[in-house]
Amino acid sequence: MIPSQEQEQWMYKNMLISRFFEEAIEKIYMEGKSPAFNMANGPIPGEMHLSNGQEPCAVGVCAHLNAEDVVTSTHRPHHVAIAKGVDLKGMAAEIFGKKTGLSGGRGGHMHIFDVDVNFSCSGIIGQSVGPAVGAALSRVMQKKSGIAVAYLGEGAANQGAFHEALNMAGVWKLPVIFIIEDNSWGISVSKRASTAIERNSDRASSYGMPGEFIPGNDPIAIFKTVGLAVERARSGLGPTLIEIETSRLAGHFMGDSEAYRPAGEKEALIKIDPIPVMKSRLADTYGWTDQDDAKLVEEAHSIVDEAIQFARDSEYPAPEEAMEKVFV
Amino acid sequence: MTQVKEKERKLTIARAMAEAIAQEMRTDEKVFVMGEDIGELGGVFGNTRGLHKEFGGERVRDTPISETAFIGAAVGAASDGMKPVVELMFVDFFGVCFDAIYNMMAKNTYFSGGNVTVPMVLMTSTGGGYSDAGQHSQCVHATFAHLPGMKVVAPSNARDAKGMMIAAIRDPNPVVFMFHKALQGMGWLGTEKDAIVHVPEDDFEVALGKAAITREGTDVTIVGITSGVHHGLKAARILEEQGVSAEVVDLRSLVPLDRDTVIQSVKKTGRLIVVDEDYHSYGMTGEIIATVVEAGVPLKAAPQRVAYPDIPIPFTRPMEQWALPSAEKIIEAFNKMKEI
Ligand SMILES: Cc1ncc(C[n+]2csc(CCOP(=O)(O)OP(=O)(O)O)c2C)c(N)n1
Ligand SMILES: [Mg+2]
């Protein structure tokens, strides 16, 4: 399955939007946090996990999905949310804790819910997996179209929930795809130090489903492999486990000194930043010019700027609204 | 005669905990540490800093993100002669591994008729106030304290943190050791300065199950734990300016619970306010009030509680700050009492 030029441009554009969004968030996050870095301060308080470098995992998968398909994501959700079509203004406002946010400010960056495009995420490692299996089950039981995709980190593949859910999806042959974003770190602990085998995709055989490993943080390769998995899921042939080699260009969260990274690692990763790689691919394959690129870059910037401005301009909710929405 | 005054040595709770564990590891080779990012990183909250360097990866083990496995493993190792100190990074994560905690760690001693011991410490961070939302800000004190078979302690200052950690490691029973993030002394979480106190260098113990009178007073008893103690102390200072003498009791330990210290204090003051960052209903606040009422202590006013409302913790600052206990809310509760 080969992406069309239009699909490749869509992927590149969403990678740009995602990266610009993270860059904007990063800058605003630091407002009010110097000279002393205190997470509680500034327009965006709390933990912040940026997705810089992992954009291929988002676009290569979501290029195959429609709004009706269900995606569950993790504590590092922005890139996936953007590719899934989550309302960017509502997401930005949620990250700022504003009344106009997707959850009125109750959830924040680790709890993005957009029912219009069936997107959700959770800050508990491994808990993206069960709900995706359940959504897939629900589609089968209701005879409704659509599949489910669970994202998780390679660190999360060591949680019991992952193994339990995969087994169940395998037994029941559910229309669900498990996407492991292998950025080789779980906070400060490397995959090598925490995982008994090299590739989590090999674990698929324990659960009666195909397992695929995609090297190179390459959106096109991801598109191809995931396309087959999506076809399988949509035609009732059951689940697939896919591990994608990707890179975390930022710290685990904002404020991370990253002292645990081996010398030179980050510099090496920046050299293979997927965004310039994708740009040259478009140039090589479709004769994409610098002007074409500049136009898209500008468009992506304006989409992000508009969302950030919306978030900035929005009001905070009234404190007492905290009591609402526990039950409906 | 000259008296040698010990040099003042102020430590954060994070450093006090790490020092306590290090001292026990030096004298008892059965003590070892497991958890996520507790090795070279020194713990996300700094309480294992330096241990990996001194004792190496064999005794200071970074685990996979597999709480069910490593806490379950700690139960097994503890029953086989080791003394594990394990970290559950945020107490909120107990959801993925509670069976190992409350059905195994807490019950094996009893089930075995006392023949099996589980001498382990489960240390875990609590509390919010810095907009980390509802899966990273909870206290859930009562959820643990409600279930029999595990001690549950939570110091409010560095001296207690060290002495109670040493006592916890030496205790033949499982101890859940909760530390509040805002008191930990990590700059990036803000720092409650009153938690940073002088800590003796020796390997002293602070008994588990003994409350402390942190401030003496005669008109009202304010009972708290961790952040609640600091809110109580601030409220007491404000009340003092209004001519009210408040006594502040730091429970330090939920299990065993030092009911007697609370009862004696309220006997003296006749008024009781209980402060807890844990949820309002079915919690520590209700337990303390019931303790005083059951003891028949004569009261001058109906007791009050200042606790977290029964809602998941919201992310946005205005909502979260509004919901958190505070000195102001304690004063409000006191003023309400006078009207009754
Ligand atoms: C059950 C649980 N345990 C621990 C954590 C703390 N934690 C947050 S992110 C993280 C690392 C996750 O690594 P990985 O799954 O590889 O995702 P990445 O951060 O690399 O995107 C950990 C341990 C958590 N949120 N939930
Ligand atoms: Mg990872």
# chains A, B, ... in the order shown; residues from 1 in each chain; ligands from 1

$ residues_around --residues "range 42-56 of chain A" --least-positions-apart "4" --cutoff "6 Å" --atoms "only C-alpha atoms" --output "list in words"
Met15, Tyr29, Glu31, Gly32, Gly60, Arg76, His79, Phe96, Pro219, Thr246, Ser247, Arg248, Leu249, Phe253 and Met254 of chain A; Tyr130, Ser131 and Asp132 of chain B

$ interface_residues --of "chain B" --to "chain A" --cutoff "6 Å" --atoms "only C-alpha atoms" --output "ChimeraX atom specification"
/B:37,64-66,130-132,188-190,314-316,318-319,322

$ write_last_selection --atoms "C-alpha atoms" --output "mmCIF file, in the first residue's frame"
data_model
loop_
_atom_site.group_PDB
_atom_site.id
_atom_site.type_symbol
_atom_site.label_atom_id
_atom_site.label_comp_id
_atom_site.auth_asym_id
_atom_site.auth_seq_id
_atom_site.Cartn_x
_atom_site.Cartn_y
_atom_site.Cartn_z
ATOM 1 C CA ASP B 37 13.813 5.679 37.840
ATOM 2 C CA PRO B 64 10.436 -1.988 34.120
ATOM 3 C CA ILE B 65 7.134 -0.102 34.315
ATOM 4 C CA SER B 66 5.636 -3.188 35.911
ATOM 5 C CA TYR B 130 0.791 22.172 41.002
ATOM 6 C CA SER B 131 -1.787 21.346 38.295
ATOM 7 C CA ASP B 132 -0.837 17.762 37.571
ATOM 8 C CA TRP B 188 10.443 22.234 40.612
ATOM 9 C CA LEU B 189 7.467 21.355 42.770
ATOM 10 C CA GLY B 190 7.721 24.443 44.932
ATOM 11 C CA PRO B 314 -9.201 19.106 38.234
ATOM 12 C CA PHE B 315 -6.251 20.258 36.144
ATOM 13 C CA THR B 316 -6.931 23.938 35.786
ATOM 14 C CA PRO B 318 -8.466 28.094 39.489
ATOM 15 C CA MET B 319 -10.457 24.912 40.111
ATOM 16 C CA TRP B 322 -10.240 26.443 45.019
#

$ closest_atom_pairs --of "chain B" --to "ligand 1" --cutoff "8 Å" --atoms "only C-alpha atoms and all ligand atoms" --output "JSON lines"
{"residue": "B:Glu36", "atom": "CA", "partner": "ligand 1", "partner_atom_place_in_ligand_line": "23 (C)", "distance": 6.2}
{"residue": "B:Asp37", "atom": "CA", "partner": "ligand 1", "partner_atom_place_in_ligand_line": "23 (C)", "distance": 7.6}
{"residue": "B:Ile65", "atom": "CA", "partner": "ligand 1", "partner_atom_place_in_ligand_line": "23 (C)", "distance": 5.5}
{"residue": "B:Ser66", "atom": "CA", "partner": "ligand 1", "partner_atom_place_in_ligand_line": "3 (N)", "distance": 7.3}
{"residue": "B:Glu67", "atom": "CA", "partner": "ligand 1", "partner_atom_place_in_ligand_line": "3 (N)", "distance": 6.9}
{"residue": "B:Leu88", "atom": "CA", "partner": "ligand 1", "partner_atom_place_in_ligand_line": "3 (N)", "distance": 7.7}
{"residue": "B:Met89", "atom": "CA", "partner": "ligand 1", "partner_atom_place_in_ligand_line": "4 (C)", "distance": 6.4}
{"residue": "B:Phe90", "atom": "CA", "partner": "ligand 1", "partner_atom_place_in_ligand_line": "5 (C)", "distance": 7.3}
{"residue": "B:Phe93", "atom": "CA", "partner": "ligand 1", "partner_atom_place_in_ligand_line": "1 (C)", "distance": 5.0}
{"residue": "B:Phe94", "atom": "CA", "partner": "ligand 1", "partner_atom_place_in_ligand_line": "1 (C)", "distance": 7.7}
{"residue": "B:Gly95", "atom": "CA", "partner": "ligand 1", "partner_atom_place_in_ligand_line": "1 (C)", "distance": 7.7}
{"residue": "B:Val96", "atom": "CA", "partner": "ligand 1", "partner_atom_place_in_ligand_line": "1 (C)", "distance": 6.0}
{"residue": "B:His136", "atom": "CA", "partner": "ligand 1", "partner_atom_place_in_ligand_line": "25 (N)", "distance": 7.9}

$ write_last_selection --atoms "N, CA and C atoms" --output "mmCIF file, in the first residue's frame"
data_model
loop_
_atom_site.group_PDB
_atom_site.id
_atom_site.type_symbol
_atom_site.label_atom_id
_atom_site.label_comp_id
_atom_site.auth_asym_id
_atom_site.auth_seq_id
_atom_site.Cartn_x
_atom_site.Cartn_y
_atom_site.Cartn_z
ATOM 1 N N GLU B 36 10.794 2.532 39.708
ATOM 2 C CA GLU B 36 11.013 3.161 38.404
ATOM 3 C C GLU B 36 11.852 4.425 38.566
ATOM 4 N N ASP B 37 12.956 4.493 37.857
ATOM 5 C CA ASP B 37 13.813 5.679 37.840
ATOM 6 C C ASP B 37 14.417 6.003 39.206
ATOM 7 N N ILE B 65 8.378 -0.733 33.836
ATOM 8 C CA ILE B 65 7.134 -0.102 34.315
ATOM 9 C C ILE B 65 6.133 -1.223 34.555
ATOM 10 N N SER B 66 6.371 -1.954 35.620
ATOM 11 C CA SER B 66 5.636 -3.188 35.911
ATOM 12 C C SER B 66 5.369 -3.253 37.410
ATOM 13 N N GLU B 67 4.486 -2.393 37.888
ATOM 14 C CA GLU B 67 4.282 -2.296 39.338
ATOM 15 C C GLU B 67 3.765 -3.593 39.936
ATOM 16 N N LEU B 88 6.520 3.242 44.566
ATOM 17 C CA LEU B 88 5.419 3.452 43.627
ATOM 18 C C LEU B 88 5.452 4.951 43.340
ATOM 19 N N MET B 89 5.841 5.312 42.120
ATOM 20 C CA MET B 89 6.221 6.713 41.845
ATOM 21 C C MET B 89 5.170 7.729 42.312
ATOM 22 N N PHE B 90 3.939 7.533 41.893
ATOM 23 C CA PHE B 90 2.825 8.364 42.368
ATOM 24 C C PHE B 90 1.828 7.393 43.006
ATOM 25 N N PHE B 93 -0.933 5.563 41.102
ATOM 26 C CA PHE B 93 -0.702 4.377 40.266
ATOM 27 C C PHE B 93 -1.011 3.074 41.007
ATOM 28 N N PHE B 94 -1.478 3.189 42.255
ATOM 29 C CA PHE B 94 -1.773 1.935 42.972
ATOM 30 C C PHE B 94 -2.809 1.112 42.221
ATOM 31 N N GLY B 95 -3.581 1.828 41.377
ATOM 32 C CA GLY B 95 -4.634 1.130 40.645
ATOM 33 C C GLY B 95 -4.138 -0.054 39.833
ATOM 34 N N VAL B 96 -2.927 0.021 39.333
ATOM 35 C CA VAL B 96 -2.461 -1.078 38.488
ATOM 36 C C VAL B 96 -1.853 -2.233 39.283
ATOM 37 N N HIS B 136 -2.416 12.258 39.028
ATOM 38 C CA HIS B 136 -1.065 12.511 39.550
ATOM 39 C C HIS B 136 -1.073 13.450 40.750
#

$ atom_distance --atom1 "CA of Arg26 in chain B" --atom2 "CA of Glu54 in chain B"
9.6 Å

$ closest_residue --among "A:Glu243, A:Asp218, A:Glu164, A:Asp116" --to "ligand 2" --atoms "only C-alpha atoms and all ligand atoms"
A:Glu243

$ residues_around --residues "range 140-142 of chain B" --least-positions-apart "3" --cutoff "6 Å" --atoms "only C-alpha atoms" --output "list of chain:residue names"
B:Ala145, B:His146, B:Asp278, B:Gly283, B:Met284

$ atom_distance --atom1 "CA of Val248 in chain B" --atom2 "CA of Ile213 in chain B"
6.0 Å

$ residues_around --residues "Asp28 in chain B" --least-positions-apart "3" --cutoff "12 Å" --atoms "only C-alpha atoms" --output "number ranges by chain"
B: 21-25, 31-32, 59, 81-84, 166, 169-170

$ write_last_selection --atoms "C-alpha atoms" --output "PDB file, in the first residue's frame"
ATOM      1  CA  ILE B  21      17.876   4.359  53.370  1.00  0.00           C
ATOM      2  CA  ALA B  22      21.635   4.688  52.827  1.00  0.00           C
ATOM      3  CA  GLN B  23      22.378   4.298  56.525  1.00  0.00           C
ATOM      4  CA  GLU B  24      20.238   1.180  56.758  1.00  0.00           C
ATOM      5  CA  MET B  25      21.803  -0.233  53.589  1.00  0.00           C
ATOM      6  CA  VAL B  31      17.995  -3.850  52.501  1.00  0.00           C
ATOM      7  CA  PHE B  32      17.638  -3.117  48.790  1.00  0.00           C
ATOM      8  CA  ARG B  59      20.975  -3.314  45.348  1.00  0.00           C
ATOM      9  CA  GLY B  81      14.571 -12.773  54.273  1.00  0.00           C
ATOM     10  CA  MET B  82      15.202  -9.577  52.325  1.00  0.00           C
ATOM     11  CA  LYS B  83      14.086  -6.090  53.281  1.00  0.00           C
ATOM     12  CA  PRO B  84      12.931  -4.360  50.106  1.00  0.00           C
ATOM     13  CA  ILE B 166      14.584   4.045  59.546  1.00  0.00           C
ATOM     14  CA  ILE B 169      12.828  -0.379  57.299  1.00  0.00           C
ATOM     15  CA  ARG B 170      13.483  -2.043  60.676  1.00  0.00           C
TER      16      ARG B 170
END

$ residues_around --residues "range 179-185 of chain B" --least-positions-apart "4" --cutoff "6 Å" --atoms "only C-alpha atoms" --output "PyMOL selection string"
chain B and resi 12-14+125-127+154+189+191-192+195

$ select_by_dssp --residues "range 219-310 of chain A" --states "helix (DSSP H, G or I)" --output "PyMOL selection string"
chain A and resi 219-234+265-271+274-286+290-310

$ closest_residue --among "A:Ala250, A:Met141, A:Ala311, A:Ala63" --to "ligand 2" --atoms "only C-alpha atoms and all ligand atoms"
A:Ala250

$ residues_around --residues "Phe45 in chain B" --least-positions-apart "2" --cutoff "7 Å" --atoms "only C-alpha atoms" --output "list in words"
Ala14, Gly43, Asn47 and Met186 of chain B

$ select_by_dssp --residues "range 34-242 of chain A" --states "strand (DSSP E)" --output "NGL selection string"
:A and (70-73 or 119-121 or 148-153 or 176-182 or 185-186 or 189-190 or 211-214 or 240-242)

$ residues_around --residues "Leu228 in chain A" --least-positions-apart "5" --cutoff "10 Å" --atoms "only C-alpha atoms" --output "PyMOL selection string"
chain A and resi 1+64+223+233-234+240

$ write_last_selection --atoms "N, CA, C and O atoms" --output "mmCIF file, in the first residue's frame"
data_model
loop_
_atom_site.group_PDB
_atom_site.id
_atom_site.type_symbol
_atom_site.label_atom_id
_atom_site.label_comp_id
_atom_site.auth_asym_id
_atom_site.auth_seq_id
_atom_site.Cartn_x
_atom_site.Cartn_y
_atom_site.Cartn_z
ATOM 1 N N MET A 1 0.851 -1.205 0.000
ATOM 2 C CA MET A 1 0.000 0.000 0.000
ATOM 3 C C MET A 1 0.882 1.249 0.000
ATOM 4 O O MET A 1 1.653 1.469 0.919
ATOM 5 N N HIS A 64 -4.779 6.572 7.743
ATOM 6 C CA HIS A 64 -5.715 5.510 7.360
ATOM 7 C C HIS A 64 -7.041 5.583 8.116
ATOM 8 O O HIS A 64 -7.920 4.759 7.881
ATOM 9 N N PHE A 223 3.089 4.068 7.032
ATOM 10 C CA PHE A 223 1.850 4.101 6.243
ATOM 11 C C PHE A 223 1.603 2.742 5.584
ATOM 12 O O PHE A 223 0.508 2.201 5.639
ATOM 13 N N ALA A 233 -8.036 -5.415 9.920
ATOM 14 C CA ALA A 233 -9.001 -5.110 10.984
ATOM 15 C C ALA A 233 -10.379 -4.812 10.386
ATOM 16 O O ALA A 233 -11.388 -5.343 10.849
ATOM 17 N N ARG A 234 -10.393 -4.018 9.340
ATOM 18 C CA ARG A 234 -11.688 -3.632 8.761
ATOM 19 C C ARG A 234 -12.407 -4.817 8.126
ATOM 20 O O ARG A 234 -13.627 -4.835 8.037
ATOM 21 N N THR A 240 -3.569 -6.535 15.130
ATOM 22 C CA THR A 240 -2.154 -6.536 14.765
ATOM 23 C C THR A 240 -1.385 -5.724 15.803
ATOM 24 O O THR A 240 -1.892 -4.710 16.290
#

$ decode --residues "range 258-271 of chain A" --atoms "all heavy atoms" --output "CSV table (one decimal), in the first residue's frame"
chain,number,residue,atom,x,y,z
A,258,GLU,N,17.9,15.3,31.3
A,258,GLU,CA,18.3,14.3,30.3
A,258,GLU,C,19.8,13.9,30.5
A,258,GLU,O,20.4,13.4,29.6
A,258,GLU,CB,18.1,14.8,28.9
A,258,GLU,CG,16.7,15.2,28.6
A,258,GLU,CD,16.5,15.6,27.1
A,258,GLU,OE1,16.7,14.8,26.2
A,258,GLU,OE2,16.2,16.8,26.9
A,259,ALA,N,20.2,14.0,31.8
A,259,ALA,CA,21.6,13.6,32.1
A,259,ALA,C,21.8,12.1,31.8
A,259,ALA,O,23.0,11.7,31.7
A,259,ALA,CB,21.9,14.0,33.5
A,260,TYR,N,20.8,11.3,31.8
A,260,TYR,CA,20.9,9.9,31.6
A,260,TYR,C,21.2,9.5,30.1
A,260,TYR,O,21.5,8.4,29.9
A,260,TYR,CB,19.6,9.2,32.1
A,260,TYR,CG,18.4,9.8,31.5
A,260,TYR,CD1,17.9,9.5,30.2
A,260,TYR,CD2,17.7,10.8,32.2
A,260,TYR,CE1,16.8,10.1,29.7
A,260,TYR,CE2,16.5,11.4,31.7
A,260,TYR,CZ,16.1,11.1,30.4
A,260,TYR,OH,15.0,11.7,29.9
A,261,ARG,N,21.0,10.4,29.2
A,261,ARG,CA,21.2,10.1,27.8
A,261,ARG,C,22.7,10.0,27.6
A,261,ARG,O,23.5,10.8,28.0
A,261,ARG,CB,20.8,11.2,26.9
A,261,ARG,CG,19.3,11.4,26.8
A,261,ARG,CD,18.9,11.6,25.4
A,261,ARG,NE,17.7,12.4,25.2
A,261,ARG,CZ,16.8,12.1,24.4
A,261,ARG,NH1,16.9,11.0,23.6
A,261,ARG,NH2,15.7,12.8,24.2
A,262,PRO,N,23.1,8.9,26.8
A,262,PRO,CA,24.6,8.8,26.5
A,262,PRO,C,25.0,10.0,25.7
A,262,PRO,O,24.2,10.6,24.9
A,262,PRO,CB,24.6,7.6,25.6
A,262,PRO,CG,23.3,6.9,25.7
A,262,PRO,CD,22.3,7.9,26.3
A,263,ALA,N,26.2,10.4,25.8
A,263,ALA,CA,26.8,11.6,25.1
A,263,ALA,C,26.6,11.4,23.6
A,263,ALA,O,26.8,10.3,23.1
A,263,ALA,CB,28.2,11.8,25.4
A,264,GLY,N,26.1,12.5,23.0
A,264,GLY,CA,26.0,12.4,21.5
A,264,GLY,C,24.6,11.9,21.0
A,264,GLY,O,24.3,12.0,19.9
A,265,GLU,N,23.9,11.2,21.9
A,265,GLU,CA,22.6,10.6,21.4
A,265,GLU,C,21.7,11.6,20.8
A,265,GLU,O,21.1,11.4,19.7
A,265,GLU,CB,21.9,9.8,22.5
A,265,GLU,CG,20.7,9.1,22.0
A,265,GLU,CD,19.8,8.5,23.1
A,265,GLU,OE1,20.0,7.3,23.5
A,265,GLU,OE2,18.9,9.2,23.6
A,266,LYS,N,21.5,12.7,21.6
A,266,LYS,CA,20.5,13.6,21.2
A,266,LYS,C,20.9,14.3,19.9
A,266,LYS,O,20.1,14.5,18.9
A,266,LYS,CB,20.3,14.7,22.2
A,266,LYS,CG,19.0,15.4,22.1
A,266,LYS,CD,18.5,16.0,23.3
A,266,LYS,CE,17.3,16.9,23.1
A,266,LYS,NZ,16.7,17.4,24.3
A,267,GLU,N,22.2,14.6,19.8
A,267,GLU,CA,22.7,15.3,18.6
A,267,GLU,C,22.4,14.4,17.4
A,267,GLU,O,22.0,14.8,16.3
A,267,GLU,CB,24.2,15.6,18.7
A,267,GLU,CG,24.5,16.7,19.7
A,267,GLU,CD,24.3,16.2,21.2
A,267,GLU,OE1,24.3,15.0,21.5
A,267,GLU,OE2,24.0,17.1,22.1
A,268,ALA,N,22.7,13.1,17.6
A,268,ALA,CA,22.5,12.1,16.5
A,268,ALA,C,21.1,12.0,16.1
A,268,ALA,O,20.8,11.9,14.9
A,268,ALA,CB,23.1,10.7,16.9
A,269,LEU,N,20.2,12.1,17.0
A,269,LEU,CA,18.8,12.0,16.7
A,269,LEU,C,18.3,13.2,16.0
A,269,LEU,O,17.5,13.1,15.1
A,269,LEU,CB,17.9,11.8,18.0
A,269,LEU,CG,18.1,10.5,18.7
A,269,LEU,CD1,17.3,10.5,20.0
A,269,LEU,CD2,17.6,9.3,17.8
A,270,ILE,N,18.8,14.4,16.4
A,270,ILE,CA,18.4,15.6,15.7
A,270,ILE,C,18.8,15.6,14.2
A,270,ILE,O,18.1,16.1,13.4
A,270,ILE,CB,19.0,16.8,16.5
A,270,ILE,CG1,18.2,17.0,17.8
A,270,ILE,CG2,18.9,18.1,15.6
A,270,ILE,CD1,18.8,18.0,18.8
A,271,LYS,N,19.9,14.9,14.0
A,271,LYS,CA,20.4,14.8,12.6
A,271,LYS,C,19.5,14.0,11.7
A,271,LYS,O,19.4,14.2,10.5
A,271,LYS,CB,21.8,14.1,12.6
A,271,LYS,CG,22.9,15.1,12.9
A,271,LYS,CD,24.2,14.6,12.3
A,271,LYS,CE,25.4,15.5,12.8
A,271,LYS,NZ,26.3,14.8,13.7
